[in-house]
Amino acid sequence: MIKYFRVPGRLAIKLEELGVSVPAVLRRANLPQDLFQKTRVLVSTVQLFALWRAIESISSDPLIGLKLGFEAKTERFHPMGIAALSTDNFVAAVKHMARYKKLTAPEEILHQIDLEEFSISFRWLLAIDDEPQLLTDYCFSWMLTIARHGAGKRVMPIRVEYVMPRTNLREIERHFGCQVLIGGSRNAIIFRADDSVTPFVTRNAELLDLLAPQFEEQLKQLKDEDSFIELVRGAIQDRLTGRRPSVEEVAQALHMGGRTLQRRLKDTGSSFQRLLDEARHQMARYYLSNSVLELTEAAYLLGFEDSNSFGRAFRAWEGVPPGDWRDSHRATLSA
């Protein structure tokens, strides 16, 4: 399973258009200032959530998430969005996006239709905390954007359901043009079944036939890449015992040269350093949650020079010092 989100470059453009400083957001989220200058903007679930919480903190607009999810210009759509608009109807579009979502993020699009309603919700597969409210708003608004572009008219949801309370409830109701319910068991946006199966004016079978094989090939490639990445990650973890394993050492364990290993990882969009970081992060969480190790002992086992360097790395992963993280998780387990 892919472990990183591909953040669309249009997000930075939209933020600037709505008067939100991208540098300020990145500083608040503790993300690199050149993040949106990269060819592919890849962030972990923790970093993605930090990004959206930073947007909420920097922006003074309570509807910023909804506005960021709306897009009037189809030329800014990701190819996945263009393909979705080429399907027969909104149900088919959501199914298409759900099938290929795994190509861009560790996230699931859940959907269900009956005689009256078509509901859509999202599940963040690697999330530890609840998703930021702005991110939920963004996803719902993006679904509404697809529905309206495809139908060629102002489609309205039946209702929107939120788990947590909202201070701007009336503004959200005006934005969606429907009832908003609080305290539900899920975050979901629900449409009329009839609206959801109405033929899209944007449907384009020829374009879909052109794009679909590419997506299918990417799915196949992703499965192969996942297998290789998990193999490398496992080899790193096996050798992460009091020292930092080298590229050559891991490559030898996998019966290949160091350059070959690095090239194959680069082809998957990853790197040895990234997998080492992921392995350390995963094992750090395990050590702090399931053992009585001192922080200095955990740092040693993870191949850090000292507890200070371990502390800096852990804070970058989780946003808090390792001692605080362990205390809060022990309190949760004992509650």
# chains A, B, ... in the order shown; residues from 1 in each chain; ligands from 1
>>> residues_around(residues="Arg233 in chain A", least_positions_apart="5", cutoff="12 Å", atoms="only C-alpha atoms", output="ChimeraX atom specification")
/A:226-228,238-240,245,247,250-251,253-254,261,265,270-283
>>> residues_around(residues="Thr136 in chain A", least_positions_apart="5", cutoff="9 Å", atoms="only C-alpha atoms", output="list in words")
Gly65, Leu66, Phe122, Glu131, Ser141, Tyr162, Asn187 and Ala188 of chain A
>>> residues_around(residues="Phe90 in chain A", least_positions_apart="5", cutoff="10 Å", atoms="only C-alpha atoms", output="ChimeraX atom specification")
/A:84-85,95-96,118,143-144,146-151,191,193,195-200
>>> closest_residue(among="A:Arg285, A:Arg203, A:Arg40, A:His175", to="Asp137 in chain A", atoms="only C-alpha atoms")
A:His175
>>> residues_around(residues="range 72-80 of chain A", least_positions_apart="2", cutoff="8 Å", atoms="only C-alpha atoms", output="MDAnalysis selection string")
chainID A and resid 8 10 70 82:84 97 100 145
>>> select_by_dssp(residues="range 74-302 of chain A", states="strand (DSSP E or B)", output="list in words")
Glu107, Glu108, Ile109, Leu110, His111, Gln112, Ile113, Glu117, Phe118, Ser119, Ile120, Ser121, Phe122, Arg123, Trp124, Arg159, Val160, Glu161, Tyr162, Gln179, Val180, Leu181, Ile182, Ala188, Ile189, Ile190, Phe191 and Arg192 of chain A
>>> atom_distance(atom1="CA of Glu107 in chain A", atom2="CA of Trp124 in chain A")
4.6 Å
>>> residues_around(residues="range 320-331 of chain A", least_positions_apart="4", cutoff="6 Å", atoms="only C-alpha atoms", output="ChimeraX atom specification")
/A:288,311,315
>>> select_by_dssp(residues="range 23-125 of chain A", states="alpha helix (DSSP H)", output="PyMOL selection string")
chain A and resi 23-28+45-58+64-69+79-85+90-100
>>> atom_distance(atom1="CA of Lys67 in chain A", atom2="CA of Asn204 in chain A")
27.5 Å
>>> closest_residue(among="A:Thr260, A:Thr241, A:Asn30, A:Thr296", to="Ser309 in chain A", atoms="only C-alpha atoms")
A:Thr296
>>> closest_residue(among="A:Gln33, A:Thr268, A:Thr45, A:Ser246", to="Leu103 in chain A", atoms="only C-alpha atoms")
A:Thr268
>>> atom_distance(atom1="CA of Val41 in chain A", atom2="CA of Arg6 in chain A")
5.4 Å
>>> closest_residue(among="A:Asp114, A:Glu71, A:Glu249, A:Glu56", to="Ser21 in chain A", atoms="only C-alpha atoms")
A:Glu56
